[in-house]
file final.pdb (PDB, C-alpha atoms and all ligand atoms)
ATOM      1  CA  MET V   1     -16.731  -8.584 -10.592
ATOM      2  CA  GLN V   2     -14.029  -7.608  -8.120
ATOM      3  CA  PRO V   3     -12.372  -4.271  -8.678
ATOM      4  CA  SER V   4      -8.958  -5.557  -7.693
ATOM      5  CA  HIS V   5      -7.133  -7.871 -10.045
ATOM      6  CA  PHE V   6      -4.524  -8.883  -7.528
ATOM      7  CA  GLN V   7      -4.419 -12.352  -6.065
ATOM      8  CA  LYS V   8      -2.787 -13.703  -2.925
ATOM      9  CA  CYS V   9      -0.232 -15.660  -4.993
ATOM     10  CA  ASP V  10       0.785 -12.440  -6.835
ATOM     11  CA  TRP V  11       1.853 -10.972  -3.515
ATOM     12  CA  ASP V  12       3.589 -14.207  -2.457
ATOM     13  CA  SER V  13       5.824 -14.105  -5.490
ATOM     14  CA  THR V  14       6.797 -10.459  -5.053
ATOM     15  CA  ALA V  15       7.310 -10.522  -1.274
ATOM     16  CA  SER V  16      11.090 -10.804  -1.309
ATOM     17  CA  GLU V  17      11.500  -8.128  -3.997
ATOM     18  CA  TYR V  18       9.017  -5.824  -2.231
ATOM     19  CA  SER V  19      11.027  -6.061   0.972
ATOM     20  CA  LYS V  20      14.049  -4.630  -0.886
ATOM     21  CA  LEU V  21      12.263  -1.427  -1.933
ATOM     22  CA  PRO V  22      14.433   1.497  -0.825
ATOM     23  CA  LYS V  23      13.506   2.904   2.578
ATOM     24  CA  ASP V  24      13.209   6.360   1.048
ATOM     25  CA  GLY V  25      10.982   5.028  -1.750
ATOM     26  CA  PRO V  26       7.256   5.650  -2.243
ATOM     27  CA  LEU V  27       6.164   3.977   0.996
ATOM     28  CA  LEU V  28       8.017   6.273   3.366
ATOM     29  CA  VAL V  29       6.036   9.523   3.313
ATOM     30  CA  PRO V  30       2.479   8.069   3.382
ATOM     31  CA  CYS V  31       3.407   5.519   6.033
ATOM     32  CA  LYS V  32       5.115   8.030   8.310
ATOM     33  CA  ARG V  33       2.155  10.383   8.026
ATOM     34  CA  LEU V  34      -0.247   7.538   8.835
ATOM     35  CA  LEU V  35       1.716   6.702  11.992
ATOM     36  CA  GLY V  36       2.078  10.353  13.003
ATOM     37  CA  ALA V  37      -1.659  10.902  12.630
ATOM     38  CA  MET V  38      -2.433   7.807  14.701
ATOM     39  CA  HIS V  39      -0.019   8.835  17.449
ATOM     40  CA  GLY V  40      -1.528  12.339  17.440
ATOM     41  CA  THR V  41      -5.017  10.892  17.881
ATOM     42  CA  LEU V  42      -4.196   8.244  20.457
ATOM     43  CA  SER V  43      -0.602   8.060  21.667
ATOM     44  CA  PHE V  44       1.190   4.769  21.111
ATOM     45  CA  ALA V  45       2.130   5.122  24.779
ATOM     46  CA  SER V  46      -1.424   3.999  25.572
ATOM     47  CA  ALA V  47      -1.363   1.085  23.134
ATOM     48  CA  THR V  48      -2.629  -2.272  24.296
ATOM     49  CA  THR V  49      -2.748  -4.067  20.950
ATOM     50  CA  ILE V  50      -1.555  -2.593  17.651
ATOM     51  CA  ILE V  51      -2.588  -4.498  14.532
ATOM     52  CA  ASP V  52      -1.113  -3.884  11.097
ATOM     53  CA  ILE V  53      -3.420  -5.176   8.371
ATOM     54  CA  GLY V  54      -1.797  -6.158   5.054
ATOM     55  CA  CYS V  55       1.644  -5.637   6.563
ATOM     56  CA  GLY V  56       3.571  -6.628   3.442
ATOM     57  CA  PRO V  57       7.216  -7.150   4.382
ATOM     58  CA  GLY V  58       6.704  -5.250   7.648
ATOM     59  CA  THR V  59       6.844  -1.713   6.274
ATOM     60  CA  ALA V  60       4.586   0.060   8.782
ATOM     61  CA  VAL V  61       5.750  -2.006  11.755
ATOM     62  CA  SER V  62       9.323  -1.090  10.948
ATOM     63  CA  PHE V  63       8.536   2.650  10.744
ATOM     64  CA  LEU V  64       6.425   2.283  13.899
ATOM     65  CA  ILE V  65       9.316   0.836  15.872
ATOM     66  CA  ASP V  66      11.832   3.330  14.442
ATOM     67  CA  GLY V  67       9.618   6.292  15.296
ATOM     68  CA  TYR V  68       7.628   5.209  18.346
ATOM     69  CA  GLY V  69       9.295   2.064  19.713
ATOM     70  CA  HIS V  70      10.270   3.907  22.869
ATOM     71  CA  ASP V  71       6.607   4.953  23.409
ATOM     72  CA  ILE V  72       5.058   1.507  23.064
ATOM     73  CA  PRO V  73       4.546  -0.139  26.468
ATOM     74  CA  PRO V  74       6.562  -3.379  26.792
ATOM     75  CA  GLN V  75       3.446  -5.402  27.616
ATOM     76  CA  SER V  76       1.464  -4.327  24.552
ATOM     77  CA  ARG V  77       1.073  -6.590  21.539
ATOM     78  CA  VAL V  78       2.172  -5.559  18.064
ATOM     79  CA  ILE V  79       0.686  -7.865  15.444
ATOM     80  CA  ALA V  80       1.701  -7.782  11.779
ATOM     81  CA  THR V  81      -0.821  -9.546   9.553
ATOM     82  CA  ASP V  82      -1.150 -10.271   5.846
ATOM     83  CA  TYR V  83      -3.046 -12.817   3.770
ATOM     84  CA  SER V  84       0.071 -13.561   1.725
ATOM     85  CA  THR V  85       2.177 -16.378   3.170
ATOM     86  CA  GLY V  86       5.214 -14.928   1.408
ATOM     87  CA  MET V  87       4.764 -11.505   2.991
ATOM     88  CA  VAL V  88       4.218 -12.972   6.452
ATOM     89  CA  GLU V  89       7.369 -15.096   6.080
ATOM     90  CA  VAL V  90       9.447 -12.084   5.046
ATOM     91  CA  THR V  91       8.086 -10.120   8.019
ATOM     92  CA  ARG V  92       8.722 -13.018  10.384
ATOM     93  CA  SER V  93      12.320 -13.332   9.291
ATOM     94  CA  ARG V  94      12.772  -9.545   9.616
ATOM     95  CA  VAL V  95      11.391  -9.740  13.168
ATOM     96  CA  GLU V  96      13.845 -12.520  14.003
ATOM     97  CA  THR V  97      16.808 -10.588  12.595
ATOM     98  CA  GLU V  98      15.877  -7.360  14.365
ATOM     99  CA  ARG V  99      14.977  -9.079  17.636
ATOM    100  CA  THR V 100      18.437 -10.598  17.908
ATOM    101  CA  SER V 101      20.317  -7.624  16.452
ATOM    102  CA  GLY V 102      21.365  -6.131  19.751
ATOM    103  CA  LYS V 103      20.203  -2.752  18.444
ATOM    104  CA  GLU V 104      18.478  -0.243  20.692
ATOM    105  CA  ASN V 105      14.987  -1.138  19.487
ATOM    106  CA  ALA V 106      15.557  -4.916  19.441
ATOM    107  CA  LYS V 107      13.379  -5.342  22.522
ATOM    108  CA  CYS V 108      10.404  -3.756  20.798
ATOM    109  CA  TRP V 109      10.888  -6.038  17.784
ATOM    110  CA  GLY V 110      10.607  -8.876  20.308
ATOM    111  CA  GLN V 111       7.009  -7.771  20.912
ATOM    112  CA  VAL V 112       6.041  -8.248  17.266
ATOM    113  CA  GLU V 113       3.893 -11.250  16.386
ATOM    114  CA  THR V 114       2.973 -12.266  12.843
ATOM    115  CA  MET V 115      -0.288 -13.755  11.604
ATOM    116  CA  GLU V 116      -1.589 -14.865   8.239
ATOM    117  CA  LEU V 117      -5.112 -13.541   7.814
ATOM    118  CA  ASP V 118      -7.467 -11.877   5.389
ATOM    119  CA  ALA V 119      -8.302  -8.252   6.113
ATOM    120  CA  GLN V 120     -11.974  -9.026   5.539
ATOM    121  CA  ASP V 121     -12.090 -11.696   8.220
ATOM    122  CA  LEU V 122     -10.526 -10.766  11.543
ATOM    123  CA  SER V 123     -12.317 -13.518  13.457
ATOM    124  CA  ALA V 124      -8.945 -14.409  15.022
ATOM    125  CA  PHE V 125      -9.447 -11.287  17.154
ATOM    126  CA  PRO V 126     -12.177 -10.733  19.746
ATOM    127  CA  SER V 127     -14.365  -7.654  19.417
ATOM    128  CA  SER V 128     -13.117  -4.475  21.097
ATOM    129  CA  SER V 129      -9.651  -5.923  21.658
ATOM    130  CA  ALA V 130      -7.274  -3.534  19.874
ATOM    131  CA  SER V 131      -6.284   0.050  20.597
ATOM    132  CA  HIS V 132      -4.705   0.787  17.198
ATOM    133  CA  ILE V 133      -5.426  -0.754  13.789
ATOM    134  CA  MET V 134      -3.712   0.382  10.609
ATOM    135  CA  GLY V 135      -3.689  -0.576   6.968
ATOM    136  CA  SER V 136      -1.009   0.992   4.809
ATOM    137  CA  LEU V 137      -1.988   0.809   1.117
ATOM    138  CA  VAL V 138      -4.239  -2.197   1.445
ATOM    139  CA  TYR V 139      -7.925  -1.407   2.113
ATOM    140  CA  PHE V 140      -8.532   0.118  -1.318
ATOM    141  CA  MET V 141      -7.478  -3.093  -3.020
ATOM    142  CA  LEU V 142      -9.698  -5.472  -1.060
ATOM    143  CA  PRO V 143     -12.491  -7.192  -2.986
ATOM    144  CA  ASP V 144     -14.888  -5.748  -0.387
ATOM    145  CA  PRO V 145     -13.269  -2.781   1.395
ATOM    146  CA  GLN V 146     -16.374  -2.125   3.519
ATOM    147  CA  LYS V 147     -16.229  -5.657   4.878
ATOM    148  CA  GLY V 148     -12.600  -5.063   5.863
ATOM    149  CA  LEU V 149     -13.388  -1.712   7.471
ATOM    150  CA  ARG V 150     -16.327  -3.124   9.420
ATOM    151  CA  GLU V 151     -14.100  -5.905  10.727
ATOM    152  CA  ALA V 152     -11.499  -3.359  11.845
ATOM    153  CA  TYR V 153     -14.259  -1.380  13.549
ATOM    154  CA  ARG V 154     -15.485  -4.476  15.373
ATOM    155  CA  VAL V 155     -12.013  -5.383  16.635
ATOM    156  CA  LEU V 156     -11.159  -1.843  17.730
ATOM    157  CA  ARG V 157     -11.974  -0.947  21.332
ATOM    158  CA  ALA V 158     -14.072   2.106  22.153
ATOM    159  CA  GLY V 159     -11.822   5.143  21.816
ATOM    160  CA  GLY V 160      -9.358   3.180  19.672
ATOM    161  CA  VAL V 161      -7.943   4.587  16.448
ATOM    162  CA  PHE V 162      -7.995   3.251  12.894
ATOM    163  CA  ALA V 163      -6.026   4.661   9.977
ATOM    164  CA  CYS V 164      -5.424   3.605   6.416
ATOM    165  CA  THR V 165      -3.881   4.946   3.225
ATOM    166  CA  SER V 166      -4.699   4.461  -0.432
ATOM    167  CA  TRP V 167      -3.170   5.704  -3.666
ATOM    168  CA  ALA V 168      -4.663   8.652  -5.496
ATOM    169  CA  ARG V 169      -1.819   9.132  -7.936
ATOM    170  CA  VAL V 170       1.203   7.020  -8.760
ATOM    171  CA  GLN V 171       3.111   8.665 -11.538
ATOM    172  CA  TRP V 172       5.677   5.863 -11.724
ATOM    173  CA  MET V 173       2.879   3.578 -12.928
ATOM    174  CA  GLN V 174       1.466   6.247 -15.233
ATOM    175  CA  PHE V 175       4.901   6.507 -16.888
ATOM    176  CA  MET V 176       4.974   2.749 -17.248
ATOM    177  CA  ASP V 177       1.586   2.743 -18.948
ATOM    178  CA  GLN V 178       2.717   5.538 -21.253
ATOM    179  CA  ALA V 179       5.944   3.704 -22.152
ATOM    180  CA  ALA V 180       4.054   0.474 -22.809
ATOM    181  CA  GLN V 181       1.594   2.273 -25.076
ATOM    182  CA  GLU V 182       4.458   3.739 -27.106
ATOM    183  CA  VAL V 183       6.019   0.326 -27.595
ATOM    184  CA  ARG V 184       2.712  -1.324 -28.447
ATOM    185  CA  ARG V 185       1.878   1.406 -30.934
ATOM    186  CA  ALA V 186       5.305   1.178 -32.599
ATOM    187  CA  ALA V 187       4.869  -2.588 -32.899
ATOM    188  CA  GLY V 188       1.509  -2.018 -34.573
ATOM    189  CA  SER V 189      -0.286  -3.943 -31.868
ATOM    190  CA  GLU V 190      -3.313  -2.657 -29.989
ATOM    191  CA  SER V 191      -2.480   0.857 -28.947
ATOM    192  CA  VAL V 192      -5.049   1.091 -26.219
ATOM    193  CA  SER V 193      -3.507   1.081 -22.778
ATOM    194  CA  ILE V 194      -4.246  -1.727 -20.391
ATOM    195  CA  LEU V 195      -5.398   0.861 -17.884
ATOM    196  CA  CYS V 196      -7.865   2.296 -20.405
ATOM    197  CA  TRP V 197      -9.073  -1.189 -21.160
ATOM    198  CA  VAL V 198      -9.636  -1.956 -17.510
ATOM    199  CA  SER V 199     -11.411   1.340 -17.049
ATOM    200  CA  THR V 200     -13.785   0.464 -19.862
ATOM    201  CA  ILE V 201     -14.823  -2.584 -17.908
ATOM    202  CA  PHE V 202     -15.289  -0.841 -14.606
ATOM    203  CA  LYS V 203     -16.384   2.528 -15.941
ATOM    204  CA  ASP V 204     -17.079   5.207 -13.348
ATOM    205  CA  GLU V 205     -16.551   3.001 -10.371
ATOM    206  CA  LEU V 206     -12.823   3.269 -10.858
ATOM    207  CA  ILE V 207     -10.319   5.848  -9.894
ATOM    208  CA  ASP V 208      -9.527   7.881 -13.014
ATOM    209  CA  MET V 209      -5.876   7.776 -13.838
ATOM    210  CA  VAL V 210      -5.381   9.572 -17.110
ATOM    211  CA  GLY V 211      -8.136  12.165 -16.891
ATOM    212  CA  GLY V 212      -6.250  15.280 -15.930
ATOM    213  CA  GLY V 213      -7.529  16.275 -12.440
ATOM    214  CA  LYS V 214      -4.950  17.286  -9.865
ATOM    215  CA  HIS V 215      -5.237  13.967  -8.208
ATOM    216  CA  SER V 216      -5.755  11.772 -11.188
ATOM    217  CA  THR V 217      -4.173   8.459 -10.531
ATOM    218  CA  GLY V 218      -2.211   5.500 -11.728
ATOM    219  CA  MET V 219      -4.660   3.030 -10.302
ATOM    220  CA  ARG V 220      -7.778   2.936 -12.434
ATOM    221  CA  PHE V 221      -8.619  -0.514 -11.333
ATOM    222  CA  PHE V 222      -9.517   0.386  -7.751
ATOM    223  CA  PRO V 223     -12.850   1.800  -6.602
ATOM    224  CA  LYS V 224     -12.992   5.490  -7.392
ATOM    225  CA  GLN V 225     -13.916   6.730  -3.928
ATOM    226  CA  TRP V 226     -10.549   5.529  -2.593
ATOM    227  CA  GLY V 227      -8.733   8.075  -4.747
ATOM    228  CA  ASP V 228     -10.095  11.192  -3.072
ATOM    229  CA  VAL V 229     -10.469  12.584   0.424
ATOM    230  CA  ALA V 230     -14.256  12.820   0.377
ATOM    231  CA  GLY V 231     -14.561   9.230  -0.814
ATOM    232  CA  VAL V 232     -12.222   7.851   1.841
ATOM    233  CA  LYS V 233     -13.945   9.849   4.579
ATOM    234  CA  GLY V 234     -17.287   8.452   3.414
ATOM    235  CA  GLU V 235     -15.938   4.893   3.417
ATOM    236  CA  LEU V 236     -14.714   5.170   7.010
ATOM    237  CA  GLU V 237     -17.913   6.834   8.192
ATOM    238  CA  SER V 238     -20.039   4.155   6.512
ATOM    239  CA  ALA V 239     -18.148   1.529   8.502
ATOM    240  CA  GLY V 240     -19.028   3.341  11.754
ATOM    241  CA  PHE V 241     -15.867   5.323  12.518
ATOM    242  CA  ARG V 242     -16.325   8.760  14.035
ATOM    243  CA  ASP V 243     -14.309  11.988  14.026
ATOM    244  CA  VAL V 244     -13.088  10.915  10.620
ATOM    245  CA  HIS V 245     -10.410  13.005   8.975
ATOM    246  CA  SER V 246      -8.916  12.488   5.529
ATOM    247  CA  GLU V 247      -6.164  14.276   3.662
ATOM    248  CA  TYR V 248      -3.929  14.084   0.626
ATOM    249  CA  ILE V 249      -0.281  13.263   1.124
ATOM    250  CA  ASP V 250       1.792  14.614  -1.772
ATOM    251  CA  PHE V 251       5.412  13.703  -2.326
ATOM    252  CA  ASP V 252       8.090  13.470  -4.992
ATOM    253  CA  TRP V 253       9.970  10.244  -5.552
ATOM    254  CA  LEU V 254      13.370  11.461  -6.649
ATOM    255  CA  VAL V 255      15.058   9.042  -9.023
ATOM    256  CA  GLU V 256      18.842   9.027  -8.837
ATOM    257  CA  ASP V 257      19.592   6.691 -11.702
ATOM    258  CA  PRO V 258      16.756   6.674 -14.297
ATOM    259  CA  GLU V 259      18.190   3.753 -16.308
ATOM    260  CA  ALA V 260      18.506   1.471 -13.284
ATOM    261  CA  PHE V 261      15.154   2.680 -11.942
ATOM    262  CA  ALA V 262      13.382   1.927 -15.237
ATOM    263  CA  GLU V 263      14.960  -1.530 -15.415
ATOM    264  CA  THR V 264      13.895  -2.348 -11.846
ATOM    265  CA  MET V 265      10.384  -0.939 -12.200
ATOM    266  CA  CYS V 266       9.568  -2.510 -15.580
ATOM    267  CA  LYS V 267      10.988  -5.922 -14.728
ATOM    268  CA  SER V 268       9.446  -6.059 -11.274
ATOM    269  CA  SER V 269       7.256  -8.925 -10.120
ATOM    270  CA  ASN V 270       4.852  -6.415  -8.527
ATOM    271  CA  PRO V 271       1.266  -7.360  -9.463
ATOM    272  CA  GLY V 272       0.635  -3.854 -10.891
ATOM    273  CA  THR V 273       3.642  -4.144 -13.206
ATOM    274  CA  LYS V 274       2.660  -7.651 -14.254
ATOM    275  CA  MET V 275      -0.787  -6.382 -15.139
ATOM    276  CA  LEU V 276       0.614  -3.647 -17.371
ATOM    277  CA  LEU V 277       3.554  -5.442 -18.962
ATOM    278  CA  GLY V 278       3.091  -9.143 -18.256
ATOM    279  CA  ASP V 279       2.209 -10.024 -21.863
ATOM    280  CA  LEU V 280       5.247  -8.360 -23.481
ATOM    281  CA  SER V 281       8.239 -10.260 -24.916
ATOM    282  CA  ASP V 282      11.694  -9.636 -23.445
ATOM    283  CA  GLU V 283      12.597  -7.567 -26.479
ATOM    284  CA  LYS V 284       9.548  -5.322 -26.143
ATOM    285  CA  LEU V 285      10.133  -5.060 -22.435
ATOM    286  CA  ASP V 286      13.626  -3.714 -23.134
ATOM    287  CA  ARG V 287      12.056  -1.051 -25.341
ATOM    288  CA  VAL V 288       9.583  -0.167 -22.588
ATOM    289  CA  VAL V 289      12.572   0.292 -20.268
ATOM    290  CA  GLU V 290      14.125   2.706 -22.788
ATOM    291  CA  SER V 291      10.896   4.701 -23.150
ATOM    292  CA  TYR V 292      10.349   4.725 -19.404
ATOM    293  CA  THR V 293      13.889   6.030 -18.841
ATOM    294  CA  ARG V 294      13.282   8.845 -21.325
ATOM    295  CA  ILE V 295       9.923   9.770 -19.745
ATOM    296  CA  VAL V 296      11.410   9.875 -16.244
ATOM    297  CA  LYS V 297      14.218  12.139 -17.484
ATOM    298  CA  GLU V 298      11.659  14.398 -19.216
ATOM    299  CA  HIS V 299      10.065  14.844 -15.819
ATOM    300  CA  GLY V 300      13.284  15.936 -14.149
ATOM    301  CA  ASN V 301      13.900  12.508 -12.596
ATOM    302  CA  VAL V 302      10.861  12.932 -10.382
ATOM    303  CA  CYS V 303       7.802  10.698 -10.055
ATOM    304  CA  LYS V 304       4.959  12.317  -8.194
ATOM    305  CA  GLY V 305       2.886  10.368  -5.714
ATOM    306  CA  VAL V 306      -0.322  11.275  -3.922
ATOM    307  CA  ALA V 307      -1.744   9.065  -1.220
ATOM    308  CA  VAL V 308      -4.962   9.549   0.722
ATOM    309  CA  LEU V 309      -4.970   9.124   4.474
ATOM    310  CA  GLY V 310      -8.169   8.235   6.286
ATOM    311  CA  ILE V 311      -8.273   8.184  10.078
ATOM    312  CA  GLY V 312     -11.076   7.779  12.582
ATOM    313  CA  THR V 313     -11.915   6.491  16.041
ATOM    314  CA  LYS V 314     -14.494   4.112  17.480
TER
HETATM  315  C1  LIG H   1       0.701  -2.466  -1.589
HETATM  316  S1  LIG H   1       1.073  -3.735  -0.447
HETATM  317  C2  LIG H   1       1.280  -2.785   1.048
HETATM  318  C3  LIG H   1       2.133  -3.494   2.049
HETATM  319  C4  LIG H   1       2.497  -2.678   3.280
HETATM  320  N1  LIG H   1       1.342  -2.391   4.092
HETATM  321  C5  LIG H   1       3.194  -1.403   2.866
HETATM  322  O1  LIG H   1       2.694  -0.312   3.157
HETATM  323  O2  LIG H   1       4.259  -1.508   2.255
HETATM  324  C6  LIG H   1      -0.477  -4.515  -0.172
HETATM  325  C7  LIG H   1      -0.394  -5.644   0.818
HETATM  326  O3  LIG H   1      -1.728  -6.012   1.154
HETATM  327  C8  LIG H   1      -1.802  -7.411   1.214
HETATM  328  N2  LIG H   1      -3.203  -7.783   0.943
HETATM  329  C9  LIG H   1      -3.894  -7.646  -0.209
HETATM  330  N3  LIG H   1      -5.139  -8.112  -0.054
HETATM  331  C10 LIG H   1      -5.243  -8.533   1.237
HETATM  332  C11 LIG H   1      -6.279  -9.127   2.003
HETATM  333  N4  LIG H   1      -7.461  -9.414   1.457
HETATM  334  N5  LIG H   1      -6.040  -9.408   3.303
HETATM  335  C12 LIG H   1      -4.839  -9.160   3.856
HETATM  336  N6  LIG H   1      -3.808  -8.629   3.167
HETATM  337  C13 LIG H   1      -4.000  -8.314   1.870
HETATM  338  C14 LIG H   1      -0.826  -7.901   0.151
HETATM  339  O4  LIG H   1      -0.442  -9.231   0.367
HETATM  340  C15 LIG H   1       0.297  -6.895   0.318
HETATM  341  O5  LIG H   1       1.224  -7.337   1.257
END
call {"tool": "encode", "arguments": {"input": "final.pdb", "output": "structure tokens"}}
result
Amino acid sequence: MQPSHFQKCDWDSTASEYSKLPKDGPLLVPCKRLLGAMHGTLSFASATTIIDIGCGPGTAVSFLIDGYGHDIPPQSRVIATDYSTGMVEVTRSRVETERTSGKENAKCWGQVETMELDAQDLSAFPSSSASHIMGSLVYFMLPDPQKGLREAYRVLRAGGVFACTSWARVQWMQFMDQAAQEVRRAAGSESVSILCWVSTIFKDELIDMVGGGKHSTGMRFFPKQWGDVAGVKGELESAGFRDVHSEYIDFDWLVEDPEAFAETMCKSSNPGTKMLLGDLSDEKLDRVVESYTRIVKEHGNVCKGVAVLGIGTK
């Protein structure tokens, strides 16, 4: 059985909404750290081909151009890839808008190509053809992460750098699970949380969300090793990468308007939300929003996030 429950079509249907996530939301800190670590290992000034795997709506490419656009040589290729047609379309339209914007970095956006492909099959790329390969919040959710990593290793040139991030803790999903449990319990329906139920199926192979370690997580349904630094380091080393470094990236997601935040989060088309709340009626969903709002306020309007960065070279 595959550890990830997400399907390509789930990402297609959330692509447009995902692209509207606030720039200072949960993607910012892990993604900026990933790019900074890559640049520190092998400057983007020496990039020949940069590939973003599982690009979503162009998150990492956008931060890349904002932060390092002036470093990237004009002849190098920047390729944003995802297996979701919806995500690739959103990225493509972003590229078009930015390319013709007349802004300072418009020229660099003109270097960005988009491709629809599965992270586990990079046969569209020759071996040893890329200088930089990154995967922001994607490798841990692949059906076979090792297959994806080995493909990245093959495509990377000697001396090239690979980096990826995964989630170790996502408190905004933990709160959602907690709120849903409250509503289910009050309605007299099964009180067991969906996350607990999933964890029963996958047992120890999954990242532990509710068990109280510092880096317990909101993502029980992903392979456990992706939720800690030793596990991620091991994954990259198993795929052949050398000089592997991994670290936790802690941050607070400060919520300005808990009511609006709860409404957006609980009624999102994100596959994780659908998995937790997809079976609830509109009425129950409204109650989850109320509980979620209260929980966020109890935590000082802060949701904690912990990502894991893994980086290595070929
Ligand atoms: C959590 S989102 C991250 C998106 C983006 N990298 C970011 O940091 O915002 C996961 C992305 O991985 C993509 N994805 C999931 N499985 C994939 C696979 N097997 N091959 C390629 N992309 C995949 C999804 O379509 C989605 O866009």
call {"tool": "closest_atom_pairs", "arguments": {"input": "final.pdb", "of": "chain V", "to": "ligand LIG 1 (chain H)", "cutoff": "8 Å", "atoms": "only C-alpha atoms and all ligand atoms", "output": "Markdown table"}}
result
| residue | atom | partner | partner_atom | distance |
| --- | --- | --- | --- | --- |
| V:Phe6 | CA | H:LIG1 | C9 | 7.4 |
| V:Gln7 | CA | H:LIG1 | N3 | 7.4 |
| V:Lys8 | CA | H:LIG1 | O4 | 6.0 |
| V:Asp10 | CA | H:LIG1 | O4 | 8.0 |
| V:Trp11 | CA | H:LIG1 | O4 | 4.8 |
| V:Asp12 | CA | H:LIG1 | O4 | 7.0 |
| V:Ala15 | CA | H:LIG1 | O5 | 7.3 |
| V:Tyr18 | CA | H:LIG1 | O2 | 7.8 |
| V:Leu27 | CA | H:LIG1 | O1 | 5.9 |
| V:Cys31 | CA | H:LIG1 | O1 | 6.5 |
| V:Asp52 | CA | H:LIG1 | N1 | 7.6 |
| V:Ile53 | CA | H:LIG1 | C12 | 6.2 |
| V:Gly54 | CA | H:LIG1 | N6 | 3.7 |
| V:Cys55 | CA | H:LIG1 | N1 | 4.1 |
| V:Gly56 | CA | H:LIG1 | O5 | 3.3 |
| V:Pro57 | CA | H:LIG1 | C4 | 6.6 |
| V:Gly58 | CA | H:LIG1 | C4 | 6.6 |
| V:Thr59 | CA | H:LIG1 | O2 | 4.8 |
| V:Ala60 | CA | H:LIG1 | O1 | 5.9 |
| V:Thr81 | CA | H:LIG1 | C12 | 7.0 |
| V:Asp82 | CA | H:LIG1 | N6 | 4.1 |
| V:Tyr83 | CA | H:LIG1 | C12 | 4.1 |
| V:Ser84 | CA | H:LIG1 | O4 | 4.6 |
| V:Met87 | CA | H:LIG1 | O5 | 5.7 |
| V:Glu116 | CA | H:LIG1 | C12 | 7.9 |
| V:Leu117 | CA | H:LIG1 | C12 | 5.9 |
| V:Asp118 | CA | H:LIG1 | N5 | 3.5 |
| V:Ala119 | CA | H:LIG1 | N5 | 3.8 |
| V:Gln120 | CA | H:LIG1 | N4 | 6.1 |
| V:Gly135 | CA | H:LIG1 | N1 | 6.1 |
| V:Ser136 | CA | H:LIG1 | N1 | 4.2 |
| V:Leu137 | CA | H:LIG1 | C2 | 4.9 |
| V:Val138 | CA | H:LIG1 | O3 | 4.6 |
| V:Tyr139 | CA | H:LIG1 | N3 | 7.6 |
| V:Met141 | CA | H:LIG1 | N3 | 6.3 |
| V:Leu142 | CA | H:LIG1 | N4 | 5.2 |
| V:Pro143 | CA | H:LIG1 | N4 | 7.1 |
call {"tool": "closest_residue", "arguments": {"input": "final.pdb", "among": "V:Phe162, V:Tyr153, V:Phe63, V:Trp172", "to": "Pro30 of chain V", "atoms": "all atoms listed in the file"}}
result
V:Phe63
call {"tool": "resolve_selection", "arguments": {"input": "final.pdb", "expression": "the PyMOL selection byres (((chain V and resi 279-282) around 12) and not hetatm)", "output": "list in words"}}
result
Ala180, Gln181, Val183, Arg184, Ala187, Ser189, Ile194, Glu263, Cys266, Lys267, Thr273, Lys274, Met275, Leu276, Leu277, Gly278, Glu283, Lys284, Leu285, Asp286, Arg287, Val288 and Val289 of chain V
call {"tool": "resolve_selection", "arguments": {"input": "final.pdb", "expression": "the PyMOL selection byres (((chain V and resi 78) around 6) and not hetatm)", "output": "ChimeraX atom specification"}}
result
/V:49-50,77,79,112
call {"tool": "atom_distance", "arguments": {"input": "final.pdb", "atom1": "atom CA of Met38 of chain V", "atom2": "atom CA of Ala163 of chain V"}}
result
6.7 Å
call {"tool": "resolve_selection", "arguments": {"input": "final.pdb", "expression": "the PyMOL selection byres (((chain V and resi 35) around 12) and not hetatm)", "output": "PyMOL selection string"}}
result
chain V and resi 28-34+36-44+50+52+59-69+132-136+161-165+309-311
call {"tool": "write_last_selection", "arguments": {"input": "final.pdb", "atoms": "C-alpha atoms", "output": "short mmCIF file (atom, residue, chain, number, x, y, z; two decimals), keeping the file's coordinate frame"}}
result
data_model
loop_
_atom_site.label_atom_id
_atom_site.label_comp_id
_atom_site.auth_asym_id
_atom_site.auth_seq_id
_atom_site.Cartn_x
_atom_site.Cartn_y
_atom_site.Cartn_z
CA LEU V 28 8.02 6.27 3.37
CA VAL V 29 6.04 9.52 3.31
CA PRO V 30 2.48 8.07 3.38
CA CYS V 31 3.41 5.52 6.03
CA LYS V 32 5.12 8.03 8.31
CA ARG V 33 2.15 10.38 8.03
CA LEU V 34 -0.25 7.54 8.84
CA GLY V 36 2.08 10.35 13.00
CA ALA V 37 -1.66 10.90 12.63
CA MET V 38 -2.43 7.81 14.70
CA HIS V 39 -0.02 8.84 17.45
CA GLY V 40 -1.53 12.34 17.44
CA THR V 41 -5.02 10.89 17.88
CA LEU V 42 -4.20 8.24 20.46
CA SER V 43 -0.60 8.06 21.67
CA PHE V 44 1.19 4.77 21.11
CA ILE V 50 -1.56 -2.59 17.65
CA ASP V 52 -1.11 -3.88 11.10
CA THR V 59 6.84 -1.71 6.27
CA ALA V 60 4.59 0.06 8.78
CA VAL V 61 5.75 -2.01 11.76
CA SER V 62 9.32 -1.09 10.95
CA PHE V 63 8.54 2.65 10.74
CA LEU V 64 6.42 2.28 13.90
CA ILE V 65 9.32 0.84 15.87
CA ASP V 66 11.83 3.33 14.44
CA GLY V 67 9.62 6.29 15.30
CA TYR V 68 7.63 5.21 18.35
CA GLY V 69 9.30 2.06 19.71
CA HIS V 132 -4.70 0.79 17.20
CA ILE V 133 -5.43 -0.75 13.79
CA MET V 134 -3.71 0.38 10.61
CA GLY V 135 -3.69 -0.58 6.97
CA SER V 136 -1.01 0.99 4.81
CA VAL V 161 -7.94 4.59 16.45
CA PHE V 162 -8.00 3.25 12.89
CA ALA V 163 -6.03 4.66 9.98
CA CYS V 164 -5.42 3.60 6.42
CA THR V 165 -3.88 4.95 3.22
CA LEU V 309 -4.97 9.12 4.47
CA GLY V 310 -8.17 8.24 6.29
CA ILE V 311 -8.27 8.18 10.08
#
